[in-house]
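Chemist: Structure file my_file09.cif, mmCIF, C-alpha atoms and all ligand atoms, is pasted below:
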data_upload
#
loop_
_atom_site.label_atom_id
_atom_site.label_comp_id
_atom_site.auth_asym_id
_atom_site.auth_seq_id
_atom_site.Cartn_x
_atom_site.Cartn_y
_atom_site.Cartn_z
CA MET A 1 38.22 -29.14 -7.55
CA LYS A 2 39.16 -28.88 -3.94
CA ASN A 3 37.92 -32.36 -3.12
CA GLY A 4 40.20 -35.30 -3.74
CA ASN A 5 37.38 -37.84 -3.81
CA SER A 6 37.38 -39.42 -7.24
CA ARG A 7 33.65 -40.02 -6.99
CA LEU A 8 33.17 -36.33 -6.82
CA ARG A 9 33.31 -34.46 -10.07
CA ILE A 10 32.67 -30.79 -9.90
CA PHE A 11 32.66 -28.65 -12.94
CA CYS A 12 31.60 -25.19 -13.73
CA LEU A 13 29.84 -24.41 -16.94
CA GLN A 14 29.20 -20.75 -17.29
CA GLY A 15 27.43 -20.51 -20.58
CA LEU A 16 25.16 -23.54 -20.32
CA ASP A 17 22.24 -21.29 -21.00
CA PRO A 18 21.56 -20.97 -24.73
CA PHE A 19 21.41 -17.20 -24.31
CA TYR A 20 25.03 -16.99 -23.34
CA SER A 21 26.64 -18.06 -26.58
CA PRO A 22 29.18 -15.63 -28.05
CA ILE A 23 28.11 -12.84 -30.38
CA MET A 24 26.11 -14.51 -33.08
CA ASP A 25 26.08 -14.60 -36.82
CA LEU A 26 22.97 -13.07 -38.35
CA SER A 27 22.34 -16.25 -40.31
CA ASP A 28 21.17 -17.74 -36.99
CA MET A 29 18.21 -15.41 -37.14
CA GLU A 30 16.22 -17.50 -39.55
CA SER A 31 12.92 -18.50 -38.11
CA THR A 32 12.70 -22.06 -36.89
CA GLY A 33 9.00 -22.16 -37.69
CA ARG A 34 7.86 -23.26 -34.27
CA THR A 35 4.54 -22.56 -32.59
CA ILE A 36 4.84 -22.23 -28.82
CA LEU A 37 1.91 -21.80 -26.46
CA HIS A 38 2.26 -20.34 -22.97
CA LEU A 39 -0.56 -20.86 -20.52
CA ASP A 40 -0.87 -18.93 -17.28
CA MET A 41 -3.77 -19.30 -14.87
CA ASP A 42 -5.36 -16.01 -13.78
CA ALA A 43 -4.74 -15.02 -10.14
CA PHE A 44 -4.43 -18.73 -9.53
CA PHE A 45 -4.42 -19.16 -5.73
CA ALA A 46 -7.05 -16.46 -5.25
CA ALA A 47 -9.22 -17.92 -8.01
CA VAL A 48 -9.08 -21.40 -6.44
CA GLU A 49 -10.08 -19.93 -3.07
CA GLN A 50 -13.01 -18.09 -4.64
CA GLN A 51 -14.07 -21.20 -6.48
CA ASP A 52 -13.91 -23.33 -3.31
CA HIS A 53 -15.66 -20.67 -1.20
CA PRO A 54 -18.59 -19.16 -3.10
CA GLN A 55 -19.07 -16.54 -0.35
CA TRP A 56 -15.72 -14.99 -1.34
CA ARG A 57 -16.53 -14.60 -5.02
CA GLY A 58 -16.62 -11.03 -6.30
CA LYS A 59 -14.80 -9.80 -3.19
CA PRO A 60 -11.27 -8.49 -2.72
CA LEU A 61 -9.31 -11.54 -1.55
CA VAL A 62 -5.67 -11.79 -0.58
CA VAL A 63 -3.76 -15.06 -0.29
CA GLY A 64 -0.58 -14.61 1.73
CA ALA A 65 0.80 -14.10 5.20
CA ASP A 66 -1.47 -13.37 8.17
CA PRO A 67 -1.97 -9.56 8.22
CA LYS A 68 -2.47 -9.57 12.03
CA GLY A 69 -4.49 -6.37 11.92
CA GLY A 70 -1.84 -4.56 9.89
CA LYS A 71 1.11 -5.70 12.02
CA GLY A 72 1.75 -8.94 10.17
CA ARG A 73 5.04 -9.73 8.46
CA GLY A 74 5.41 -11.48 5.14
CA VAL A 75 3.95 -10.72 1.75
CA VAL A 76 0.97 -11.07 -0.54
CA SER A 77 1.27 -14.27 -2.53
CA THR A 78 -1.64 -13.70 -4.93
CA CYS A 79 -4.68 -11.46 -4.82
CA SER A 80 -7.98 -11.49 -6.65
CA TYR A 81 -8.72 -8.98 -9.41
CA GLU A 82 -11.17 -7.28 -7.04
CA ALA A 83 -8.26 -6.67 -4.61
CA ARG A 84 -6.10 -5.23 -7.41
CA VAL A 85 -8.58 -2.37 -7.74
CA TYR A 86 -7.32 -1.22 -4.33
CA GLY A 87 -3.72 -1.27 -5.54
CA ILE A 88 -2.85 -4.58 -3.90
CA ARG A 89 -0.23 -6.59 -5.81
CA SER A 90 1.73 -9.84 -5.49
CA ALA A 91 4.89 -9.61 -3.40
CA MET A 92 3.65 -6.49 -1.59
CA PRO A 93 4.16 -6.52 2.21
CA ILE A 94 0.98 -7.88 3.77
CA SER A 95 0.88 -4.87 6.11
CA THR A 96 0.67 -2.52 3.08
CA ALA A 97 -2.11 -4.62 1.58
CA TYR A 98 -4.01 -4.40 4.85
CA ARG A 99 -3.64 -0.62 4.90
CA LEU A 100 -5.01 -0.41 1.34
CA CYS A 101 -7.99 -2.66 2.02
CA PRO A 102 -8.55 -3.83 5.60
CA THR A 103 -11.93 -5.31 4.68
CA ALA A 104 -10.53 -7.75 2.12
CA VAL A 105 -10.72 -11.47 2.81
CA TYR A 106 -7.26 -12.60 3.97
CA VAL A 107 -6.45 -16.29 3.70
CA LEU A 108 -3.34 -18.40 4.24
CA PRO A 109 -2.20 -20.41 1.21
CA ARG A 110 -3.41 -24.01 0.92
CA GLY A 111 -0.52 -25.45 -1.06
CA GLY A 112 -1.88 -28.98 -1.22
CA ARG A 113 -5.15 -27.84 -2.74
CA TYR A 114 -3.42 -25.64 -5.35
CA ALA A 115 -1.12 -28.52 -6.28
CA GLN A 116 -4.15 -30.76 -6.74
CA VAL A 117 -5.83 -28.32 -9.15
CA SER A 118 -2.50 -27.75 -10.89
CA ARG A 119 -2.11 -31.48 -11.56
CA GLN A 120 -5.59 -31.57 -13.05
CA ILE A 121 -4.71 -28.71 -15.42
CA MET A 122 -1.30 -30.06 -16.37
CA SER A 123 -2.62 -33.50 -17.19
CA LEU A 124 -5.27 -31.94 -19.41
CA LEU A 125 -2.57 -30.03 -21.32
CA ARG A 126 -0.87 -33.28 -22.30
CA ASP A 127 -3.85 -34.07 -24.54
CA TYR A 128 -2.76 -31.21 -26.79
CA SER A 129 0.96 -31.88 -27.17
CA PRO A 130 3.51 -34.42 -25.96
CA ASP A 131 5.85 -31.49 -25.30
CA VAL A 132 4.57 -29.83 -22.17
CA GLU A 133 6.96 -28.02 -19.86
CA GLN A 134 5.48 -27.01 -16.57
CA ILE A 135 7.40 -23.99 -15.32
CA SER A 136 5.48 -23.29 -12.15
CA ILE A 137 2.38 -24.44 -10.35
CA ASP A 138 0.11 -22.53 -12.75
CA GLU A 139 2.17 -21.99 -15.89
CA ALA A 140 3.31 -24.19 -18.74
CA PHE A 141 4.76 -24.07 -22.22
CA LEU A 142 3.48 -26.37 -24.97
CA ASP A 143 5.19 -26.90 -28.29
CA ILE A 144 2.18 -27.21 -30.59
CA THR A 145 4.11 -27.00 -33.88
CA SER A 146 3.11 -30.46 -35.01
CA THR A 147 -0.17 -30.92 -33.14
CA GLN A 148 -2.01 -27.67 -33.91
CA LYS A 149 -3.42 -28.93 -37.21
CA LEU A 150 -5.17 -31.78 -35.39
CA PHE A 151 -7.27 -29.17 -33.61
CA GLY A 152 -7.92 -26.89 -36.56
CA GLY A 153 -5.03 -24.50 -35.98
CA ALA A 154 -3.36 -22.73 -33.08
CA GLU A 155 -6.26 -20.47 -32.19
CA ALA A 156 -8.82 -23.28 -32.14
CA LEU A 157 -6.47 -25.37 -30.04
CA ALA A 158 -6.00 -22.53 -27.55
CA ARG A 159 -9.75 -21.93 -27.28
CA GLN A 160 -10.33 -25.61 -26.67
CA ILE A 161 -7.71 -25.71 -23.89
CA LYS A 162 -9.23 -22.65 -22.23
CA SER A 163 -12.76 -24.03 -22.35
CA GLN A 164 -11.64 -27.47 -21.15
CA ILE A 165 -9.89 -25.90 -18.15
CA ASN A 166 -12.92 -23.80 -17.42
CA GLU A 167 -15.22 -26.77 -17.66
CA LYS A 168 -13.10 -28.95 -15.36
CA THR A 169 -11.99 -26.37 -12.79
CA LYS A 170 -14.24 -23.32 -13.33
CA LEU A 171 -11.06 -21.25 -13.51
CA THR A 172 -9.84 -18.99 -16.30
CA ALA A 173 -6.48 -19.12 -18.02
CA SER A 174 -4.66 -16.68 -20.27
CA VAL A 175 -2.84 -17.97 -23.31
CA GLY A 176 -0.12 -16.54 -25.53
CA ILE A 177 0.99 -18.13 -28.78
CA ALA A 178 4.18 -17.12 -30.58
CA PRO A 179 7.15 -18.52 -32.50
CA ASN A 180 9.23 -18.71 -29.30
CA LYS A 181 8.96 -19.07 -25.55
CA PHE A 182 9.69 -15.57 -24.35
CA THR A 183 7.25 -13.93 -26.77
CA ALA A 184 4.54 -16.46 -25.92
CA LYS A 185 5.03 -15.61 -22.24
CA ILE A 186 4.74 -11.87 -22.89
CA ALA A 187 1.65 -12.50 -25.05
CA SER A 188 -0.17 -14.49 -22.36
CA ASP A 189 0.26 -11.57 -19.95
CA LEU A 190 -1.11 -8.84 -22.24
CA ARG A 191 -4.86 -9.45 -22.05
CA LYS A 192 -5.29 -10.94 -18.59
CA PRO A 193 -7.65 -12.25 -17.34
CA ASP A 194 -9.07 -14.83 -19.75
CA GLY A 195 -6.81 -13.55 -22.54
CA LEU A 196 -5.72 -15.03 -25.84
CA VAL A 197 -2.99 -13.30 -27.84
CA ILE A 198 -1.48 -14.80 -30.96
CA VAL A 199 1.73 -13.52 -32.52
CA LYS A 200 2.56 -14.87 -35.97
CA ALA A 201 6.15 -15.23 -37.15
CA ASP A 202 5.93 -12.35 -39.60
CA GLU A 203 4.46 -10.07 -36.93
CA LEU A 204 7.03 -10.92 -34.28
CA LEU A 205 9.21 -7.81 -34.48
CA THR A 206 6.35 -5.36 -34.94
CA PHE A 207 4.60 -6.98 -31.97
CA LEU A 208 7.67 -6.63 -29.74
CA ALA A 209 8.85 -3.17 -30.86
CA PRO A 210 6.36 -0.92 -28.98
CA LEU A 211 6.47 -2.90 -25.71
CA GLU A 212 8.20 -1.42 -22.69
CA ILE A 213 11.63 -2.87 -21.99
CA SER A 214 10.52 -3.94 -18.52
CA ARG A 215 8.70 -6.75 -20.36
CA LEU A 216 12.02 -8.24 -21.43
CA TRP A 217 13.01 -11.21 -19.38
CA GLY A 218 15.79 -9.98 -17.07
CA ALA A 219 15.06 -6.24 -17.23
CA GLY A 220 14.34 -5.63 -13.55
CA PRO A 221 14.19 -2.47 -11.45
CA LYS A 222 17.99 -2.17 -11.45
CA THR A 223 18.46 -2.64 -15.18
CA VAL A 224 15.60 -0.54 -16.52
CA PRO A 225 17.01 2.88 -15.42
CA GLN A 226 20.37 1.87 -16.88
CA LEU A 227 18.72 1.10 -20.21
CA GLN A 228 16.65 4.26 -20.13
CA ALA A 229 19.84 6.25 -19.64
CA MET A 230 20.93 4.80 -22.97
CA GLY A 231 17.70 6.01 -24.59
CA ILE A 232 16.16 2.54 -24.55
CA TYR A 233 12.51 2.69 -23.51
CA THR A 234 10.94 0.09 -25.74
CA ILE A 235 12.00 -3.28 -27.10
CA GLY A 236 12.22 -1.61 -30.51
CA ASP A 237 14.72 0.93 -29.13
CA MET A 238 16.79 -1.99 -27.90
CA ALA A 239 16.64 -3.78 -31.25
CA ARG A 240 18.18 -0.75 -32.95
CA TYR A 241 21.37 -1.10 -30.93
CA SER A 242 24.07 -3.40 -32.29
CA GLN A 243 25.14 -6.49 -30.37
CA GLN A 244 28.60 -5.01 -30.00
CA GLN A 245 27.31 -1.78 -28.44
CA LEU A 246 25.09 -3.63 -26.00
CA PHE A 247 27.87 -6.02 -25.08
CA GLU A 248 30.25 -3.14 -24.43
CA ARG A 249 27.74 -1.27 -22.27
CA LEU A 250 26.12 -4.17 -20.42
CA GLY A 251 28.33 -7.25 -20.80
CA GLN A 252 26.73 -10.67 -21.22
CA PRO A 253 23.22 -9.47 -20.30
CA GLY A 254 23.51 -7.04 -23.21
CA LEU A 255 23.76 -9.94 -25.65
CA HIS A 256 20.86 -11.66 -23.97
CA PHE A 257 18.75 -8.52 -24.37
CA TRP A 258 19.82 -8.05 -27.98
CA ARG A 259 18.67 -11.55 -28.87
CA LEU A 260 15.31 -11.16 -27.16
CA ALA A 261 14.71 -7.70 -28.67
CA ASN A 262 15.32 -9.22 -32.09
CA GLY A 263 12.85 -12.01 -31.39
CA ILE A 264 15.48 -14.71 -31.01
CA ASP A 265 14.89 -17.38 -28.41
CA ASP A 266 15.68 -20.93 -29.46
CA ARG A 267 15.05 -22.58 -26.13
CA PRO A 268 13.16 -25.80 -26.70
CA VAL A 269 10.06 -26.76 -24.75
CA GLY A 270 11.42 -29.39 -22.39
CA GLY A 271 8.96 -32.26 -22.35
CA ALA A 272 9.23 -35.21 -20.00
CA ALA A 273 9.39 -37.83 -22.75
CA ASP A 274 12.85 -39.24 -23.37
CA ALA A 275 14.26 -37.03 -20.65
CA LYS A 276 17.98 -37.32 -20.19
CA SER A 277 17.69 -35.30 -17.06
CA ILE A 278 14.92 -34.15 -14.79
CA SER A 279 14.93 -30.84 -13.00
CA ARG A 280 13.17 -28.27 -10.89
CA GLU A 281 13.95 -24.59 -10.65
CA THR A 282 12.59 -21.42 -9.15
CA THR A 283 13.10 -17.80 -10.11
CA PHE A 284 12.63 -15.55 -7.13
CA GLU A 285 10.30 -12.61 -7.38
CA HIS A 286 13.09 -10.53 -5.85
CA ASP A 287 16.77 -11.45 -5.95
CA ILE A 288 17.69 -12.90 -2.57
CA ASP A 289 20.74 -12.74 -0.33
CA ASP A 290 19.71 -14.98 2.57
CA ASN A 291 21.54 -18.33 2.59
CA GLU A 292 19.02 -19.94 4.87
CA GLN A 293 16.16 -19.03 2.57
CA MET A 294 18.12 -20.45 -0.36
CA ARG A 295 18.76 -23.69 1.50
CA ASP A 296 15.05 -23.97 2.26
CA CYS A 297 14.28 -23.45 -1.38
CA LEU A 298 16.82 -26.11 -2.37
CA PHE A 299 15.30 -28.53 0.09
CA TYR A 300 11.90 -27.98 -1.42
CA LEU A 301 13.25 -28.42 -4.96
CA CYS A 302 15.07 -31.66 -4.03
CA ASP A 303 12.03 -33.00 -2.29
CA ASP A 304 9.76 -32.17 -5.18
CA LEU A 305 12.20 -33.58 -7.73
CA ALA A 306 12.75 -36.81 -5.79
CA TYR A 307 9.00 -37.27 -5.50
CA GLU A 308 8.63 -36.90 -9.26
CA MET A 309 11.44 -39.41 -9.81
CA ARG A 310 9.88 -41.98 -7.52
CA LYS A 311 6.56 -41.59 -9.32
CA LYS A 312 8.33 -42.25 -12.61
CA ARG A 313 10.48 -45.03 -11.11
CA LEU A 314 13.66 -43.16 -12.04
CA ARG A 315 16.94 -43.01 -10.24
CA GLY A 316 19.78 -40.65 -11.07
CA ARG A 317 23.51 -40.81 -10.53
CA THR A 318 24.45 -37.16 -11.09
CA VAL A 319 23.01 -34.26 -9.18
CA THR A 320 23.43 -30.71 -10.46
CA LEU A 321 22.95 -27.39 -8.75
CA LYS A 322 22.12 -24.41 -10.96
CA ILE A 323 22.52 -20.85 -9.74
CA ARG A 324 21.78 -17.67 -11.60
CA LEU A 325 23.06 -14.49 -9.99
CA ASP A 326 21.53 -11.03 -10.17
CA ASP A 327 23.81 -10.08 -13.08
CA PHE A 328 22.46 -13.05 -15.03
CA SER A 329 25.66 -15.05 -14.88
CA THR A 330 24.67 -18.70 -14.59
CA PHE A 331 26.65 -21.48 -12.96
CA SER A 332 26.22 -25.15 -12.45
CA ARG A 333 27.96 -27.54 -10.09
CA SER A 334 27.61 -31.30 -10.28
CA GLN A 335 28.45 -34.37 -8.25
CA THR A 336 28.19 -37.95 -9.36
CA PHE A 337 27.23 -40.71 -6.94
CA ASP A 338 28.51 -44.26 -7.22
CA HIS A 339 24.89 -45.46 -7.21
CA GLY A 340 21.55 -44.26 -8.50
CA THR A 341 19.26 -42.52 -6.05
CA ASP A 342 15.76 -41.09 -5.81
CA ASN A 343 16.10 -40.19 -2.16
CA SER A 344 15.23 -36.61 -1.14
CA ASP A 345 17.61 -36.34 1.81
CA GLU A 346 20.51 -37.82 -0.05
CA MET A 347 20.00 -35.42 -2.93
CA PHE A 348 19.63 -32.47 -0.59
CA GLN A 349 22.80 -33.40 1.30
CA ARG A 350 24.83 -33.36 -1.91
CA ILE A 351 23.17 -30.20 -3.17
CA SER A 352 23.92 -28.52 0.17
CA GLU A 353 27.59 -29.40 -0.17
CA LEU A 354 27.68 -27.96 -3.67
CA PHE A 355 25.83 -24.88 -2.52
CA GLN A 356 28.16 -24.31 0.45
CA SER A 357 31.25 -24.51 -1.70
CA PHE A 358 29.87 -22.04 -4.22
CA ASP A 359 31.19 -18.50 -3.86
CA ARG A 360 28.68 -16.00 -5.17
CA GLY A 361 31.02 -13.11 -4.46
CA GLY A 362 28.43 -11.17 -2.44
CA LYS A 363 25.95 -11.14 -5.31
CA CYS A 364 22.28 -11.88 -4.84
CA VAL A 365 20.63 -14.94 -6.33
CA ARG A 366 17.95 -14.75 -8.98
CA LEU A 367 17.28 -18.41 -9.67
CA LEU A 368 18.01 -21.78 -8.07
CA GLY A 369 17.62 -25.13 -9.76
CA VAL A 370 18.29 -28.79 -9.06
CA ALA A 371 18.67 -31.47 -11.73
CA MET A 372 19.32 -35.19 -11.78
CA SER A 373 20.91 -36.89 -14.78
CA HIS A 374 22.39 -40.27 -15.73
CA LEU A 375 18.92 -41.61 -15.15
CA GLN A 376 18.08 -45.28 -14.81
CA GLN A 377 14.54 -46.58 -15.09
CA GLY A 378 12.90 -49.04 -12.74
CA VAL A 379 15.83 -50.02 -10.54
CA GLY A 380 14.85 -52.20 -7.58
CA GLN A 381 14.41 -50.37 -4.32
CA MET A 382 16.75 -52.25 -2.05
CA ASP A 383 19.52 -53.72 -4.13
CA LEU A 384 22.10 -51.01 -3.66
CA PHE A 385 21.31 -49.71 -0.25
CA ALA A 386 22.49 -50.19 3.28
CA GLU A 387 20.09 -50.44 6.19
CA ASN A 388 20.07 -46.71 6.82
CA ASP A 389 19.12 -46.03 3.28
CA GLU A 390 16.33 -48.57 3.47
CA LYS A 391 14.90 -46.64 6.39
CA ARG A 392 15.15 -43.40 4.48
CA ASP A 393 13.50 -44.96 1.47
CA ARG A 394 10.68 -46.28 3.62
CA MET A 395 10.20 -42.77 5.00
CA ASP A 396 10.06 -41.36 1.47
CA ARG A 397 7.44 -43.92 0.52
CA VAL A 398 5.28 -43.09 3.53
CA MET A 399 5.53 -39.42 2.63
CA ASP A 400 4.61 -40.19 -0.95
CA GLN A 401 1.43 -41.94 0.15
CA VAL A 402 0.39 -38.96 2.22
CA ARG A 403 1.12 -36.65 -0.70
CA LYS A 404 -0.87 -38.77 -3.08
CA LYS A 405 -3.81 -38.33 -0.80
CA PHE A 406 -3.43 -34.72 0.29
CA GLY A 407 -1.14 -33.06 -2.25
CA MET A 408 2.52 -32.15 -2.47
CA ASP A 409 2.60 -29.53 0.24
CA ALA A 410 0.83 -31.62 2.84
CA ILE A 411 4.02 -33.03 4.21
CA HIS A 412 6.83 -30.57 3.72
CA ARG A 413 8.61 -29.78 6.92
CA ALA A 414 6.48 -27.39 8.91
CA SER A 415 9.20 -24.76 9.31
CA LEU A 416 9.84 -24.76 5.59
CA LEU A 417 6.21 -24.31 4.75
CA LYS A 418 5.97 -21.37 7.09
CA LYS A 419 8.98 -19.76 5.41
CA ARG A 420 7.52 -20.34 1.98
CA ARG A 421 4.46 -18.46 3.11
CA ASP A 422 6.40 -15.59 4.62
CA SER A 423 8.98 -15.20 1.90
CA GLY A 424 8.88 -14.29 -1.71
CA TRP A 425 7.75 -17.54 -3.34
CA ILE A 426 5.16 -15.85 -5.34
CA ARG A 427 2.63 -17.02 -7.87
CA GLU A 428 0.91 -14.62 -10.17
MG MG B 1 -0.75 -17.10 -13.05
#
Please express what this file holds, its structure, as structure tokens.
Ligand SMILES: [Mg+2]
Modeler:
Amino acid sequence: MKNGNSRLRIFCLQGLDPFYSPIMDLSDMESTGRTILHLDMDAFFAAVEQQDHPQWRGKPLVVGADPKGGKGRGVVSTCSYEARVYGIRSAMPISTAYRLCPTAVYVLPRGGRYAQVSRQIMSLLRDYSPDVEQISIDEAFLDITSTQKLFGGAEALARQIKSQINEKTKLTASVGIAPNKFTAKIASDLRKPDGLVIVKADELLTFLAPLEISRLWGAGPKTVPQLQAMGIYTIGDMARYSQQQLFERLGQPGLHFWRLANGIDDRPVGGAADAKSISRETTFEHDIDDNEQMRDCLFYLCDDLAYEMRKKRLRGRTVTLKIRLDDFSTFSRSQTFDHGTDNSDEMFQRISELFQSFDRGGKCVRLLGVAMSHLQQGVGQMDLFAENDEKRDRMDRVMDQVRKKFGMDAIHRASLLKKRRDSGWIRE
């Protein structure tokens, strides 16, 4: 737009997200007949710590910032179920947690170790479906539509996954199965820990109707009172409104809510096979306003994405920044290189430029994502690069070796890691 460089193509696609299509025809409501499984590990970081340290089992345990005797800054990342009895929750200030239970075991996160266990779990999931979409360190969607019969049905498949995970890691997982992603995610959360909830297609609306609207994806502390003022307390209340009414009262998010309340969510499970693009994204526990924190997050996402690309011997020519603001408007900005790259710094530099030129109009940010597309497989390392780039590539390879040995977080820049601990990068 403002840049005359012909190599640089920036475009804005508000409406990329399948939820943001115009008001829909009811004929779209026909069931697609899919079976989607959502898996979420229970109190993941805390459970890994208790597994690795038998002396901490059965005790209240908090993974997060250093409480420093109640004066510490930062937040709780995850806490054990024993700590929840005291009212401690994820994302709570660590000083509050300390006040609630000073005798709990407080530990700093060990990102490398959690990543190691996560890889073990994710690789196990691929035995059950080729379509696995990892959405965070301890959560994944599987499309089991075509594979469930191989395991004797969806329930048997889910039980087998849970027992396999337990056998390999001694950890428990909760599973939800439903005809779409958002319902599967709600279902996995209902009977934690060690839960299994199955929602069949013909039960979808009756399952959703009595649930509180805060369970709808996107209904946060700001939106819920607004909805309640309209007499909407449950998902069923929401479903009784027309699309038009919700659009008039709430704008685009109203349409998004209407679709979810009516059990409509066509988002596919994004597997890695035949990927036309590869991406990483993070939804913040709380919408954020701090540019520096966002840049840190983008650095992490680029670094993680580039690492994945190097493992798969992929290079990409187009880098895309995705931003979702607190009002759910979603934007993307892209730049195309004249060569393929898998280099973290190069990707981050371009993403930073895109980020700096994006005007969020004072709004807070809910989600950040980074994607690479126009992928090429197995391009030689040195053929396109100048000496500087060779050095950078060598650095990436050294870092990769360390990661292979010690896990992803072993080698992130120290300052970044500290910020990740202190800020709201939360895992439930
Ligand atoms: Mg979890």
Chemist: For the contact check between segment 131-236 of chain A and segment 324-332 of chain A, emit one row per residue of segment 131-236 of chain A within 12 Å, containing the shortest atom pair and the distance in Å rounded to one decimal, counting all atoms listed in the file, chain then rising number order, as a Markdown table.
Modeler:
| residue | atom | partner | partner_atom | distance |
| --- | --- | --- | --- | --- |
| A:Trp217 | CA | A:Phe328 | CA | 10.6 |
| A:Gly218 | CA | A:Phe328 | CA | 7.6 |
| A:Ala219 | CA | A:Phe328 | CA | 10.3 |
| A:Gly220 | CA | A:Asp326 | CA | 9.6 |
| A:Pro221 | CA | A:Asp326 | CA | 11.3 |
| A:Lys222 | CA | A:Asp326 | CA | 9.6 |
| A:Thr223 | CA | A:Asp327 | CA | 9.4 |
Chemist: Could you report the residues within 8 Å of ligand MG 1 (chain B), using all atoms listed in the file, as a PDB file with C-alpha atoms, in the coordinates of the input?
Modeler:
ATOM      1  CA  ASP A  40      -0.870 -18.930 -17.280  1.00  0.00           C
ATOM      2  CA  MET A  41      -3.770 -19.300 -14.870  1.00  0.00           C
ATOM      3  CA  ASP A  42      -5.360 -16.010 -13.780  1.00  0.00           C
ATOM      4  CA  ALA A  43      -4.740 -15.020 -10.140  1.00  0.00           C
ATOM      5  CA  PHE A  44      -4.430 -18.730  -9.530  1.00  0.00           C
ATOM      6  CA  ASP A 138       0.110 -22.530 -12.750  1.00  0.00           C
ATOM      7  CA  GLU A 139       2.170 -21.990 -15.890  1.00  0.00           C
ATOM      8  CA  ALA A 173      -6.480 -19.120 -18.020  1.00  0.00           C
ATOM      9  CA  ARG A 427       2.630 -17.020  -7.870  1.00  0.00           C
ATOM     10  CA  GLU A 428       0.910 -14.620 -10.170  1.00  0.00           C
TER      11      GLU A 428
END
Chemist: Can you work out which one of A:Val62, A:Val319, A:Ile235, A:Leu367 has the shortest atom-to-atom distance to Cys297 of chain A, counting only C-alpha atoms?
Modeler: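 The answer is A:Leu367, which sits nearest to Cys297 of chain A.
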Chemist: Find, counting all atoms listed in the file, the residue in A:Ala229, A:Leu39, A:Gly153, A:Asp304 that gets nearest to Asp194 of chain A.
Modeler: A:Leu39
Chemist: Please indicate the distance in Å from atom CA of Lys185 of chain A to atom CA of Leu368 of chain A, rounded to one decimal place.
Modeler: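 Separation between atom CA of Lys185 of chain A and atom CA of Leu368 of chain A: 20.2 Å.
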Chemist: Under the rule that only C-alpha atoms are counted, which of A:Gly111, A:Gly361, A:Pro54, A:Gly340 is the nearest residue to Lys170 of chain A?
Modeler: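 Among A:Gly111, A:Gly361, A:Pro54, A:Gly340, it is A:Pro54 that comes nearest to Lys170 of chain A.
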Chemist: Just the number, please: distance in Å from atom CA of Tyr128 of chain A to atom CA of Gly316 of chain A, one decimal.
Modeler: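 One can read the atom CA of Tyr128 of chain A to atom CA of Gly316 of chain A distance as 29.1 Å.
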Chemist: Any idea what's packed within 12 Å of Gln51 of chain A, counting only C-alpha atoms, ignoring anything in its chain fewer than 4 positions away? Could you give it as an MDAnalysis selection string?
Modeler: chainID A and resid 43:47 55:59 61 80 113:114 117 166 168:172
Chemist: Nearest to Ala91 of chain A among A:Gly236, A:Gly72, A:Gly64, A:Pro109, with distances taken over all atoms listed in the file: which residue is it?
Modeler: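 Of the candidates, the smallest distance to Ala91 of chain A is held by A:Gly64.
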Chemist: List the spatial neighbours of Ile177 of chain A as a ChimeraX atom specification - criterion: any atom at most 7 Å away, only C-alpha atoms, same-chain residues fewer than 6 positions off excluded.
Modeler: /A:35-38,184,187,197-199
Chemist: I'd like the interatomic distance between atom CA of Thr318 of chain A and atom CA of Gln293 of chain A, to a tenth of an Å.
Modeler: 24.2 Å
Chemist: Ranking A:Ala261, A:Ile213, A:Val365, A:Met372 by minimum distance to Asp290 of chain A and counting all atoms listed in the file, which one comes first?
Modeler: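 With all atoms listed in the file as the atom set, the closest residue is A:Val365.
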Chemist: Please list, as number ranges by chain, the residues that have an atom at most 6 Å away from (14.4, -38.6, -0.6) in the coordinates of this file, counting only C-alpha atoms.
Modeler: A: 306, 342-345, 396
